[in-house]
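Below is structure-v8.cif, holding mmCIF, C-alpha atoms and all ligand atoms.
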```cif
data_protein
#
loop_
_atom_site.label_atom_id
_atom_site.label_comp_id
_atom_site.auth_asym_id
_atom_site.auth_seq_id
_atom_site.Cartn_x
_atom_site.Cartn_y
_atom_site.Cartn_z
CA MET C 656 0.03 30.40 -15.67
CA SER C 657 -1.70 30.00 -19.01
CA ASN C 658 -5.34 30.96 -19.44
CA LEU C 659 -7.59 29.49 -16.82
CA LEU C 660 -10.30 27.18 -18.13
CA TRP C 661 -12.90 29.07 -16.13
CA GLN C 662 -11.71 32.66 -16.49
CA LYS C 663 -14.47 35.28 -16.90
CA PRO C 664 -13.99 38.36 -19.04
CA GLY C 665 -13.27 41.46 -17.00
CA VAL C 666 -12.39 39.62 -13.78
CA GLU C 667 -8.70 39.69 -12.96
CA VAL C 668 -7.48 36.69 -11.02
CA GLU C 669 -5.12 37.89 -8.33
CA ALA C 670 -1.81 36.00 -8.49
CA GLY C 671 -1.61 35.25 -4.76
CA ILE C 672 -5.14 33.87 -4.71
CA GLN C 673 -4.44 31.87 -7.81
CA ARG C 674 -1.34 30.36 -6.20
CA PHE C 675 -3.35 29.47 -3.13
CA LEU C 676 -6.05 27.79 -5.21
CA ALA C 677 -3.56 25.82 -7.26
CA GLY C 678 -1.39 24.91 -4.26
CA ASP C 679 0.87 22.01 -5.14
CA ASP C 680 -1.77 20.61 -7.48
CA VAL C 681 0.29 20.82 -10.61
CA VAL C 682 3.13 18.91 -8.95
CA LEU C 683 0.81 16.28 -7.48
CA ASP C 684 -0.98 15.91 -10.78
CA ARG C 685 2.24 14.51 -12.24
CA GLU C 686 1.34 11.33 -10.37
CA PHE C 687 -2.03 11.17 -12.05
CA PHE C 688 -1.23 12.69 -15.42
CA LEU C 689 -0.86 9.51 -17.47
CA PHE C 690 -4.08 8.16 -16.00
CA ASP C 691 -5.83 11.44 -16.78
CA ILE C 692 -4.61 11.18 -20.38
CA ARG C 693 -5.81 7.58 -20.63
CA ALA C 694 -9.24 8.47 -19.29
CA SER C 695 -9.37 11.47 -21.63
CA ALA C 696 -8.85 9.15 -24.59
CA VAL C 697 -11.70 6.96 -23.44
CA HIS C 698 -13.89 10.01 -22.90
CA ALA C 699 -13.12 11.11 -26.47
CA GLN C 700 -14.13 7.66 -27.76
CA GLY C 701 -17.36 8.04 -25.84
CA LEU C 702 -18.07 11.42 -27.45
CA HIS C 703 -17.45 9.81 -30.83
CA ILE C 704 -19.86 6.98 -30.03
CA ILE C 705 -22.66 9.45 -29.31
CA GLY C 706 -21.85 11.46 -32.42
CA LEU C 707 -20.27 14.53 -30.87
CA LEU C 708 -16.87 14.00 -32.47
CA ASP C 709 -16.31 12.93 -36.06
CA ASP C 710 -13.77 10.30 -37.10
CA ASP C 711 -11.04 12.81 -37.84
CA GLU C 712 -11.54 14.67 -34.60
CA LEU C 713 -11.35 11.44 -32.63
CA ALA C 714 -8.28 10.24 -34.48
CA GLY C 715 -6.56 13.60 -33.88
CA LEU C 716 -7.39 13.58 -30.18
CA LEU C 717 -6.23 10.00 -29.67
CA ARG C 718 -3.02 10.70 -31.54
CA GLU C 719 -2.25 13.89 -29.62
CA LEU C 720 -3.05 12.26 -26.29
CA ASP C 721 -0.57 9.49 -27.14
CA VAL C 722 2.04 12.05 -28.10
CA LEU C 723 1.44 13.96 -24.89
CA ALA C 724 1.80 10.77 -22.82
CA ALA C 725 5.06 9.93 -24.57
CA ASP C 726 6.36 13.49 -24.19
CA PHE C 727 5.49 13.49 -20.51
CA ALA C 728 7.10 10.11 -19.92
CA SER C 729 10.29 11.17 -21.68
CA GLY C 730 10.45 14.55 -19.96
CA ARG C 731 9.86 16.53 -23.16
CA PHE C 732 6.64 17.83 -21.68
CA VAL C 733 6.86 19.10 -18.11
CA LEU C 734 3.73 19.62 -16.08
CA ASP C 735 4.55 22.84 -14.27
CA ASP C 736 2.94 26.03 -13.10
CA ARG C 737 2.30 27.26 -16.58
CA PHE C 738 -0.89 25.31 -15.93
CA GLU C 739 -3.42 25.42 -13.14
CA ASP C 740 -3.49 21.64 -12.97
CA GLY C 741 -3.03 18.50 -15.05
CA HIS C 742 -6.57 18.71 -16.43
CA SER C 743 -5.99 22.20 -17.80
CA ALA C 744 -2.67 21.11 -19.26
CA ILE C 745 -4.32 18.34 -21.28
CA GLU C 746 -7.04 20.59 -22.67
CA SER C 747 -4.64 23.40 -23.47
CA ARG C 748 -2.23 21.09 -25.27
CA LEU C 749 -5.03 19.49 -27.32
CA THR C 750 -6.41 22.90 -28.22
CA GLU C 751 -2.98 24.19 -29.19
CA ARG C 752 -2.39 21.19 -31.46
CA LEU C 753 -5.89 20.54 -32.79
CA GLY C 754 -7.92 23.71 -32.42
CA ASP C 755 -11.65 22.98 -32.15
CA ALA C 756 -11.27 19.24 -31.54
CA GLY C 757 -9.26 20.17 -28.46
CA ARG C 758 -11.93 22.65 -27.41
CA LYS C 759 -14.49 19.83 -27.61
CA ILE C 760 -12.75 17.35 -25.28
CA HIS C 761 -14.41 18.70 -22.16
CA THR C 762 -17.93 18.18 -23.51
CA GLY C 763 -19.96 16.32 -20.92
CA ARG C 764 -17.24 16.09 -18.30
CA SER C 765 -16.07 18.14 -15.38
CA ARG C 766 -12.75 18.30 -13.65
CA ASN C 767 -14.70 16.75 -10.77
CA ASP C 768 -15.16 13.40 -12.50
CA GLN C 769 -11.85 13.80 -14.31
CA VAL C 770 -9.86 13.93 -11.09
CA LEU C 771 -11.94 11.09 -9.65
CA VAL C 772 -11.26 8.74 -12.53
CA ALA C 773 -7.55 9.53 -12.70
CA THR C 774 -7.17 9.00 -8.96
CA ARG C 775 -9.13 5.78 -9.14
CA LEU C 776 -6.91 4.35 -11.87
CA TRP C 777 -3.84 5.41 -9.91
CA LEU C 778 -5.16 3.79 -6.73
CA ARG C 779 -5.81 0.55 -8.55
CA GLU C 780 -2.20 0.42 -9.69
CA ARG C 781 -0.86 1.23 -6.23
CA LEU C 782 -3.02 -1.50 -4.69
CA ASP C 783 -1.74 -3.99 -7.26
CA GLU C 784 1.79 -3.13 -6.28
CA LEU C 785 0.89 -3.40 -2.61
CA ALA C 786 -0.63 -6.85 -3.12
CA GLY C 787 2.43 -7.94 -5.09
CA VAL C 788 4.94 -6.90 -2.48
CA CYS C 789 2.86 -8.49 0.29
CA ARG C 790 2.79 -11.77 -1.64
CA GLU C 791 6.53 -11.58 -2.14
CA VAL C 792 7.15 -10.96 1.56
CA ALA C 793 4.84 -13.83 2.49
CA GLY C 794 6.65 -16.15 0.09
CA ILE C 795 10.06 -15.37 1.56
CA ALA C 796 8.77 -15.71 5.11
CA LEU C 797 7.23 -19.08 4.26
CA GLU C 798 10.39 -20.39 2.70
CA ARG C 799 12.46 -19.31 5.65
CA ALA C 800 9.88 -20.72 8.09
CA ALA C 801 10.24 -24.12 6.47
CA ALA C 802 14.02 -23.98 6.42
CA GLU C 803 14.44 -22.66 9.96
CA GLN C 804 11.88 -24.62 11.94
CA GLY C 805 14.68 -26.16 13.95
CA ILE C 806 16.37 -22.94 15.06
CA ALA C 807 15.23 -22.20 18.58
CA MET C 808 14.67 -18.68 19.79
CA PRO C 809 13.15 -17.31 22.97
CA GLY C 810 9.47 -16.47 22.87
CA TYR C 811 8.57 -13.36 24.86
CA THR C 812 5.43 -11.97 26.39
CA HIS C 813 5.60 -8.55 28.07
CA MET C 814 9.22 -8.52 26.83
CA GLN C 815 9.93 -11.20 29.44
CA ARG C 816 11.25 -14.64 28.58
CA ALA C 817 8.22 -16.90 28.30
CA VAL C 818 8.55 -20.16 26.34
CA VAL C 819 10.81 -21.69 23.73
CA SER C 820 9.94 -20.49 20.25
CA SER C 821 11.65 -20.91 16.91
CA CYS C 822 12.65 -18.96 13.86
CA GLY C 823 10.07 -21.11 12.07
CA MET C 824 7.34 -19.73 14.32
CA TRP C 825 8.61 -16.18 13.95
CA TRP C 826 8.60 -16.41 10.16
CA ALA C 827 5.27 -18.21 9.95
CA GLY C 828 3.66 -15.30 11.78
CA TRP C 829 4.87 -12.79 9.21
CA ALA C 830 3.96 -15.14 6.38
CA GLU C 831 0.35 -15.33 7.49
CA ALA C 832 0.24 -11.60 8.24
CA TYR C 833 1.41 -10.73 4.73
CA ILE C 834 -0.95 -13.21 3.12
CA ASP C 835 -3.77 -11.41 4.94
CA ASN C 836 -2.35 -8.06 3.84
CA ALA C 837 -2.21 -9.24 0.24
CA VAL C 838 -5.82 -10.42 0.45
CA ARG C 839 -6.84 -7.07 1.86
CA ALA C 840 -5.03 -5.16 -0.89
CA ARG C 841 -6.67 -7.35 -3.53
CA ASP C 842 -10.13 -7.01 -2.00
CA THR C 843 -9.73 -3.26 -1.62
CA ARG C 844 -8.70 -3.03 -5.24
CA ALA C 845 -11.94 -4.77 -6.17
CA TRP C 846 -13.88 -2.48 -3.86
CA VAL C 847 -12.52 0.73 -5.40
CA ASP C 848 -12.74 -0.65 -8.94
CA ALA C 849 -15.74 1.48 -9.92
CA ASN C 850 -15.90 3.98 -12.75
CA PRO C 851 -16.84 7.57 -11.82
CA LEU C 852 -16.18 9.01 -15.32
CA GLY C 853 -19.37 10.33 -16.86
CA THR C 854 -20.86 11.71 -13.67
CA ALA C 855 -19.53 15.17 -14.64
CA ALA C 856 -19.76 17.72 -11.85
CA GLY C 857 -21.72 15.25 -9.76
CA TYR C 858 -25.16 15.52 -11.33
CA GLY C 859 -24.72 13.98 -14.79
CA VAL C 860 -25.29 15.86 -18.04
CA ASN C 861 -27.95 16.20 -20.73
CA LEU C 862 -26.16 13.73 -23.01
CA PRO C 863 -26.47 9.94 -23.31
CA LEU C 864 -22.80 9.51 -22.36
CA ALA C 865 -21.27 6.15 -23.27
CA ARG C 866 -20.58 5.24 -19.67
CA ASP C 867 -20.69 1.47 -20.26
CA HIS C 868 -18.02 1.87 -22.89
CA ALA C 869 -15.85 3.93 -20.54
CA THR C 870 -16.27 1.42 -17.74
CA GLN C 871 -15.22 -1.42 -19.92
CA ALA C 872 -12.47 0.40 -21.82
CA LEU C 873 -10.80 1.48 -18.59
CA GLY C 874 -11.08 -2.06 -17.25
CA PHE C 875 -13.31 -1.17 -14.31
CA GLY C 876 -15.19 -3.93 -12.56
CA ARG C 877 -18.35 -1.83 -12.37
CA MET C 878 -19.82 1.57 -13.07
CA GLN C 879 -20.35 3.97 -10.22
CA VAL C 880 -23.94 4.47 -11.16
CA ALA C 881 -25.33 7.28 -9.06
CA ALA C 882 -23.80 10.55 -10.21
CA THR C 883 -24.09 11.88 -6.69
CA TYR C 884 -22.31 8.89 -5.17
CA ALA C 885 -19.22 9.45 -7.32
CA GLN C 886 -18.51 12.64 -5.40
CA LEU C 887 -19.34 11.00 -2.09
CA SER C 888 -16.75 8.34 -2.83
CA ARG C 889 -13.91 10.81 -3.21
CA GLY C 890 -11.73 10.47 -0.16
CA LYS C 891 -13.76 7.52 1.08
CA PHE C 892 -12.11 5.22 -1.47
CA GLU C 893 -8.73 6.79 -0.75
CA LEU C 894 -9.28 5.96 2.92
CA ALA C 895 -10.01 2.33 2.08
CA ALA C 896 -6.80 2.11 0.08
CA ILE C 897 -4.85 3.76 2.87
CA ASP C 898 -6.28 1.26 5.32
CA ALA C 899 -5.09 -1.61 3.17
CA LEU C 900 -1.67 0.00 2.99
CA GLY C 901 -1.74 0.70 6.71
CA SER C 902 -2.39 -2.95 7.44
CA ALA C 903 0.88 -3.92 5.74
CA LEU C 904 2.74 -1.04 7.36
CA LEU C 905 1.41 -1.81 10.81
CA ASP C 906 2.89 -5.28 10.56
CA LEU C 907 6.07 -3.80 9.17
CA ARG C 908 6.30 -1.51 12.16
CA ARG C 909 6.26 -4.49 14.53
CA LEU C 910 8.61 -6.52 12.41
CA ALA C 911 11.04 -3.60 12.30
CA TRP C 912 10.75 -3.26 16.05
CA ASP C 913 11.72 -6.91 16.47
CA LEU C 914 14.71 -6.48 14.22
CA SER C 915 15.91 -3.32 15.89
CA LEU C 916 15.75 -5.06 19.26
CA PHE C 917 17.24 -8.32 18.06
CA THR C 918 20.11 -6.55 16.39
CA SER C 919 21.15 -4.76 19.59
CA ALA C 920 24.15 -6.12 21.52
CA GLU C 921 21.84 -6.98 24.41
CA PHE C 922 19.98 -9.47 22.24
CA GLY C 923 22.43 -10.15 19.44
CA PHE C 924 19.99 -12.56 17.76
CA VAL C 925 20.25 -11.26 14.25
CA SER C 926 22.58 -9.48 11.92
CA LEU C 927 21.16 -7.29 9.21
CA PRO C 928 22.51 -7.25 5.68
CA ALA C 929 25.33 -4.70 5.60
CA GLN C 930 23.55 -2.47 3.06
CA TYR C 931 20.68 -2.07 5.49
CA THR C 932 22.84 -0.53 8.20
CA THR C 933 24.56 2.84 8.35
CA GLY C 934 27.41 4.37 10.30
CA SER C 935 27.49 7.24 12.75
CA SER C 936 29.04 10.59 11.87
CA ILE C 937 30.78 10.79 15.23
CA MET C 938 30.99 7.29 16.72
CA PRO C 939 33.33 5.20 14.61
CA ASN C 940 32.22 2.00 16.31
CA LYS C 941 28.56 2.22 15.26
CA ARG C 942 26.51 0.21 12.78
CA ASN C 943 22.96 1.47 13.06
CA PRO C 944 19.73 -0.08 11.83
CA ASP C 945 18.52 3.17 10.24
CA VAL C 946 16.69 1.50 7.37
CA VAL C 947 14.68 -0.64 9.73
CA GLU C 948 13.90 2.43 11.82
CA LEU C 949 12.61 4.39 8.84
CA MET C 950 10.53 1.38 7.86
CA ARG C 951 9.04 1.48 11.33
CA ALA C 952 8.43 5.24 11.06
CA SER C 953 6.66 4.96 7.71
CA TYR C 954 3.47 3.91 9.40
CA ALA C 955 3.27 7.42 10.85
CA SER C 956 2.92 8.90 7.36
CA VAL C 957 0.15 6.48 6.51
CA ALA C 958 -1.68 7.20 9.74
CA ALA C 959 -1.28 10.94 9.17
CA ALA C 960 -2.74 10.65 5.67
CA ARG C 961 -5.67 8.73 7.04
CA CYS C 962 -6.29 11.39 9.62
CA GLU C 963 -6.00 14.24 7.10
CA ILE C 964 -8.48 12.73 4.67
CA GLU C 965 -10.90 11.84 7.40
CA GLN C 966 -10.83 15.44 8.61
CA LEU C 967 -11.40 16.70 5.06
CA LEU C 968 -14.49 14.58 4.62
CA SER C 969 -16.51 16.54 7.11
CA LEU C 970 -18.54 17.97 4.22
CA PRO C 971 -22.04 17.99 2.81
CA SER C 972 -22.58 16.01 -0.37
CA GLY C 973 -21.34 17.22 -3.76
CA TYR C 974 -17.93 18.48 -4.84
CA HIS C 975 -16.00 20.86 -2.63
CA ARG C 976 -12.54 22.20 -3.29
CA ASP C 977 -11.51 20.89 0.14
CA LEU C 978 -11.27 17.50 -1.54
CA GLN C 979 -8.23 18.62 -3.51
CA PHE C 980 -6.11 18.15 -0.39
CA SER C 981 -6.92 14.44 -0.35
CA LYS C 982 -4.50 14.02 -3.26
CA GLY C 983 -1.39 15.10 -1.36
CA ALA C 984 -2.27 12.84 1.53
CA VAL C 985 -2.81 9.72 -0.53
CA VAL C 986 0.25 10.34 -2.71
CA HIS C 987 2.43 10.86 0.33
CA ALA C 988 1.08 7.79 2.13
CA PHE C 989 1.63 5.46 -0.81
CA GLY C 990 4.98 7.08 -1.62
CA ARG C 991 6.35 6.45 1.86
CA GLY C 992 4.56 3.19 2.46
CA LEU C 993 5.49 1.45 -0.77
CA ALA C 994 9.07 2.74 -0.58
CA ALA C 995 9.42 1.04 2.79
CA LEU C 996 7.73 -2.17 1.68
CA ARG C 997 9.82 -2.43 -1.49
CA LEU C 998 12.94 -2.76 0.64
CA LEU C 999 11.47 -5.48 2.82
CA PRO C 1000 11.89 -8.58 0.61
CA ASN C 1001 15.66 -8.27 0.34
CA LEU C 1002 16.02 -7.44 3.98
CA LEU C 1003 14.14 -10.59 4.92
CA ARG C 1004 15.94 -12.74 2.38
CA ASN C 1005 19.32 -11.71 3.72
CA LEU C 1006 19.05 -11.34 7.46
CA GLU C 1007 21.12 -13.84 9.40
CA TRP C 1008 20.27 -15.43 12.70
CA ARG C 1009 22.77 -15.94 15.51
CA PRO C 1010 21.49 -19.30 16.79
CA GLN C 1011 23.97 -19.51 19.64
CA ALA C 1012 22.92 -16.17 21.10
CA MET C 1013 19.29 -17.25 20.91
CA GLN C 1014 20.07 -20.61 22.49
CA ALA C 1015 21.97 -18.86 25.29
CA ALA C 1016 18.88 -16.76 26.03
CA LEU C 1017 16.78 -19.85 26.70
CA GLU C 1018 16.62 -20.48 30.40
CA PRO C 1019 15.18 -23.43 32.35
CA SER C 1020 12.09 -21.49 33.46
CA MET C 1021 10.99 -21.41 29.83
CA TYR C 1022 10.08 -25.11 30.00
CA ALA C 1023 7.73 -24.68 32.94
CA THR C 1024 4.65 -24.29 30.75
CA ASP C 1025 5.52 -27.47 28.82
CA LEU C 1026 5.85 -29.29 32.12
CA ALA C 1027 2.53 -28.04 33.48
CA VAL C 1028 0.71 -29.06 30.31
CA ASP C 1029 2.48 -32.44 30.34
CA LEU C 1030 1.30 -33.13 33.86
CA ALA C 1031 -2.21 -32.06 32.92
CA ARG C 1032 -2.12 -34.47 30.00
CA GLN C 1033 -1.31 -37.21 32.48
CA GLY C 1034 -4.47 -36.32 34.40
CA VAL C 1035 -3.27 -33.85 37.02
CA PRO C 1036 -5.79 -30.98 37.19
CA PHE C 1037 -4.19 -28.09 35.38
CA ARG C 1038 -4.18 -25.70 38.34
CA GLU C 1039 -2.36 -28.31 40.43
CA ALA C 1040 0.06 -29.05 37.58
CA TYR C 1041 0.70 -25.31 37.28
CA ARG C 1042 1.61 -25.14 40.96
CA GLN C 1043 3.98 -28.10 40.71
CA ALA C 1044 5.63 -26.77 37.53
CA ALA C 1045 6.27 -23.39 39.17
CA ASP C 1046 8.85 -25.08 41.38
CA PRO C 1047 12.33 -24.49 39.90
CA ALA C 1048 13.37 -27.90 41.19
CA SER C 1049 11.09 -29.46 38.58
CA TRP C 1050 12.75 -27.72 35.59
CA ALA C 1051 15.00 -30.57 34.62
CA SER C 1052 14.29 -30.64 30.89
CA SER C 1053 16.06 -28.02 28.85
CA ASP C 1054 15.98 -29.40 25.36
CA PRO C 1055 14.60 -26.75 22.99
CA ALA C 1056 14.25 -29.22 20.12
CA ALA C 1057 12.13 -31.54 22.25
CA SER C 1058 10.05 -28.62 23.50
CA LEU C 1059 9.38 -27.47 19.93
CA ALA C 1060 8.69 -30.97 18.61
CA ALA C 1061 6.14 -31.59 21.35
CA ARG C 1062 4.32 -28.30 20.63
CA VAL C 1063 1.84 -30.01 18.34
CA SER C 1064 -1.11 -27.66 18.68
CA PRO C 1065 -1.79 -26.67 15.07
CA GLY C 1066 0.18 -23.55 14.19
CA ALA C 1067 2.82 -24.12 16.88
CA GLY C 1068 6.44 -25.28 16.52
CA GLY C 1069 5.63 -28.99 16.21
CA ASP C 1070 2.92 -28.49 13.56
CA LEU C 1071 3.44 -25.22 11.76
CA ARG C 1072 0.92 -26.08 9.02
CA LEU C 1073 3.02 -24.28 6.47
CA GLU C 1074 1.30 -26.17 3.67
CA CYS C 1075 -1.96 -24.51 4.65
CA LEU C 1076 -0.34 -21.07 4.43
CA ARG C 1077 1.34 -22.03 1.16
CA GLU C 1078 -2.04 -23.00 -0.25
CA ARG C 1079 -3.54 -19.65 0.73
CA LEU C 1080 -0.64 -17.78 -0.78
CA CYS C 1081 -0.69 -19.70 -4.03
CA VAL C 1082 -4.42 -19.18 -4.44
CA LEU C 1083 -3.58 -15.48 -4.56
CA GLY C 1084 -1.80 -16.16 -7.83
CA SER C 1085 1.65 -15.77 -6.40
CA ALA C 1086 4.57 -16.14 -8.75
CA VAL C 1087 6.98 -16.94 -5.93
CA GLY C 1088 9.11 -20.09 -6.17
CA ILE C 1089 7.14 -22.12 -3.67
CA CYS C 1090 4.01 -21.84 -5.83
CA ARG C 1091 5.82 -22.77 -9.02
CA ASP C 1092 7.04 -25.93 -7.27
CA ARG C 1093 3.50 -26.66 -6.26
CA SER C 1094 2.07 -26.40 -9.77
CA GLU C 1095 4.76 -28.74 -11.07
CA SER C 1096 4.08 -31.38 -8.44
N1 LIG C 1101 -7.75 20.18 -8.48
C1 LIG C 1101 -9.10 19.91 -8.28
C2 LIG C 1101 -9.30 18.79 -7.24
O1 LIG C 1101 -8.39 18.08 -6.99
C3 LIG C 1101 -9.73 19.48 -9.56
C4 LIG C 1101 -11.18 19.65 -9.58
C5 LIG C 1101 -11.54 21.09 -9.66
N2 LIG C 1101 -12.97 21.24 -9.69
C6 LIG C 1101 -13.57 22.39 -9.39
N3 LIG C 1101 -14.85 22.37 -9.44
N4 LIG C 1101 -12.91 23.44 -8.99
O2 LIG C 1101 -10.35 18.68 -6.69
#
```
As structure tokens:
Amino acid sequence: MSNLLWQKPGVEVEAGIQRFLAGDDVVLDREFFLFDIRASAVHAQGLHIIGLLDDDELAGLLRELDVLAADFASGRFVLDDRFEDGHSAIESRLTERLGDAGRKIHTGRSRNDQVLVATRLWLRERLDELAGVCREVAGIALERAAAEQGIAMPGYTHMQRAVVSSCGMWWAGWAEAYIDNAVRARDTRAWVDANPLGTAAGYGVNLPLARDHATQALGFGRMQVAATYAQLSRGKFELAAIDALGSALLDLRRLAWDLSLFTSAEFGFVSLPAQYTTGSSIMPNKRNPDVVELMRASYASVAAARCEIEQLLSLPSGYHRDLQFSKGAVVHAFGRGLAALRLLPNLLRNLEWRPQAMQAALEPSMYATDLAVDLARQGVPFREAYRQAADPASWASSDPAASLAARVSPGAGGDLRLECLRERLCVLGSAVGICRDRSES
């Protein structure tokens, strides 16, 4: 490891302790490195604004930060355990290339606000991706809901056959869920969009730092004003982002459950795209829904990250090294969660229903509720209608199309209100086909 930023003369740093302190920081910091470089450039501009860097020093720093970003992106510069962390790597590189200008970059900042701002920028980008994939999923679900309104499928409660449902209803549910998830990702992005840079170690500094400039240059919606709050928000903002991610993954878990059930021979309602199934190493006959199962399992990683960060936050105010562990949790959660979500659009686009198997699973009892409500509409008190409709002799009707067409309560098979969902999705600025059509009409 190269010289530590904080090393004191005459005090040897024991290698084992140093390794423990650094942990996997230098590896995790690869996630945040480009954001750290970007924020460092803005910090340098700020120092120039308040007269602490001259024009040449600023130009040199901005140039070398650009070169470092390009070298990192191309693999010419590797962030590894030569450095304690990404922050040290930036300062050491600038110092090596520029001498004193490099030694000045840390004026008025601390690694405490440096890690906060890099994480914040990273979170913003992850939440944008989350919102985007949720919108895409919602768009596909809406399109398929419209196209497949007429395909009947059994509706279950308690895993028991209940009433006639439809693929349209199944899809509409996921469409609305993912619109809500996209809204939540967008709103969370706005909530975490606050600039902590310039709060230094958590108590500000004796310099008139150009915090407004930094806020604006980094595209933040607002400044995190109170220096002490910046540190309080570490982990708290990560939790909010994880919750937004968890919302999408929680729905994915249930969707994956449906698909793994429906794809079994016992149901046989759906066939998954071939690329989404795998074989067995021993049973030649098997096609397994492994991808869907790992999608379902991904929620566990998100929930674990939530739990880990929540446990870490049992701290008094101010910076504590404990907070370093929040990075691994949030990186792991978004890594797993987004990887699962990225595979969802194509899965949904390409899954195929088996309408005959679904039709065969509709049994006469599943019209009993329709009949009871029909009688009630004709004036029979509902409890009496319920009693009459419980009699199997009364279950004459068994026309799923008629049952669905008559289900006119808004949001049900006869009145899916897809245009309302489409409107909500398109307001989110969705680029999906259905919104393009809408703007042309
Ligand atoms: N790796 C550290 C973290 O993630 C960076 C901040 C270090 N600050 C300090 N005061 N030791 O928290």
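Atom CA of C:Ala832 lies 9.8 Å from atom CA of C:Leu907.
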If you take every atom of stretch 834-848 of chain C that the file lists and fit an axis-aligned box around them with 8 Å extra on each side, what centre and edge lengths come out in Å to one decimal, as lines of an AutoDock Vina configuration file?
```
center_x = -7.4
center_y = -6.2
center_z = -2.0
size_x = 28.9
size_y = 29.9
size_z = 29.9
```
For C:Pro971, list every protein, DNA or RNA residue within 12 Å, evaluated using all atoms listed in the file, and leave out those in the same chain fewer than 5 positions away; present the list as a PyMOL selection string.
chain C and resi 883+886-887+977-978
File of the preceding selection, C-alpha atoms, as a PDB file, in the coordinates of the input:
```
ATOM      1  CA  THR C 883     -24.090  11.880  -6.690  1.00  0.00           C
ATOM      2  CA  GLN C 886     -18.510  12.640  -5.400  1.00  0.00           C
ATOM      3  CA  LEU C 887     -19.340  11.000  -2.090  1.00  0.00           C
ATOM      4  CA  ASP C 977     -11.510  20.890   0.140  1.00  0.00           C
ATOM      5  CA  LEU C 978     -11.270  17.500  -1.540  1.00  0.00           C
TER       6      LEU C 978
END
```
When you count all atoms listed in the file, which of these residues is closest to C:Ala895: C:Trp846, C:Tyr858, C:Trp825, C:Phe924?
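Result for the nearest residue to C:Ala895: C:Trp846.
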Find the residues of chain C that sit at most 6 Å from ligand LIG 1101 (chain C); for each, write down the nearest two atoms and how far apart they are in Å, to one decimal. Count all atoms listed in the file. Sort by chain, then by number going up, and give it as CSV.
```
residue,atom,partner,partner_atom,distance
C:Arg766,CA,C:LIG1101,C4,4.6
C:Asn767,CA,C:LIG1101,C4,4.7
C:Val770,CA,C:LIG1101,C3,5.8
C:Arg976,CA,C:LIG1101,O2,5.4
C:Leu978,CA,C:LIG1101,O2,5.4
C:Gln979,CA,C:LIG1101,O1,3.5
```
Which of C:Asp710, C:Leu723, C:Arg674, C:Lys891 sits closest to C:Leu689 [using all atoms listed in the file]
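Of C:Asp710, C:Leu723, C:Arg674, C:Lys891, the one nearest C:Leu689, counting all atoms listed in the file, is C:Leu723.
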So which residues touch C:Arg685 within 10 Å, counting only C-alpha atoms, skipping near sequence neighbours fewer than 5 positions away, as a list in words?
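Contacts, with the query itself left out: Asp680, Phe690, Asp691, Phe727, Val733, Leu734, Asp735, Asp740 and Gly741 of chain C.
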Using only C-alpha atoms, can you tell me which of C:Gln815, C:Glu1018, C:Val1082, C:Leu1073 comes closest to C:Ala801?
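Of C:Gln815, C:Glu1018, C:Val1082, C:Leu1073, the one nearest C:Ala801, counting only C-alpha atoms, is C:Leu1073.
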Between C:Ala952, C:Met1021, C:Met1013, C:Leu894, which residue has the minimum interatomic distance to C:Arg909, considering only C-alpha atoms?
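Going through C:Ala952, C:Met1021, C:Met1013, C:Leu894 one by one, the smallest distance to C:Arg909 is for C:Ala952.
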Atom pair atom CA of C:Asp945 / atom CA of C:Pro928: separation (Å)
12.1 Å
Env of C:Asp783: 9 Å cut, atoms = all atoms listed in the file, seq-sep filter 3 positions within chain, self excluded. Answer as a ChimeraX atom specification.
/C:778-780,786-788,840-841,844
Between atom CA of C:Gly983 and atom CA of C:Phe688, what is the distance, to one decimal in Å?
14.3 Å
What's the 8 Å shell around stretch 659-669 of chain C, counting only C-alpha atoms, without same-chain residues fewer than 6 positions away, as a ChimeraX atom specification?
/C:738-739,743
Measuring between all atoms listed in the file, which one of C:Asp721, C:Asp1025, C:Glu1078, C:Glu1039 shows the shortest distance to C:Arg1062?
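So, comparing all the options, the nearest one is C:Asp1025.
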C:Met808 environment, 8 Å, all atoms listed in the file, sequence neighbours closer than 5 positions dropped, as a list in words:
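Listing them by chain and then by number gives Val819, Ser820, Ser821, Cys822, Pro1010, Met1013, Gln1014, Ala1016 and Leu1017 of chain C.
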Smallest atom-to-atom distance to C:Ser981: which of C:Ala670, C:Leu999, C:Leu1083, C:Leu683, using all atoms listed in the file?
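Closest candidate: C:Leu683.
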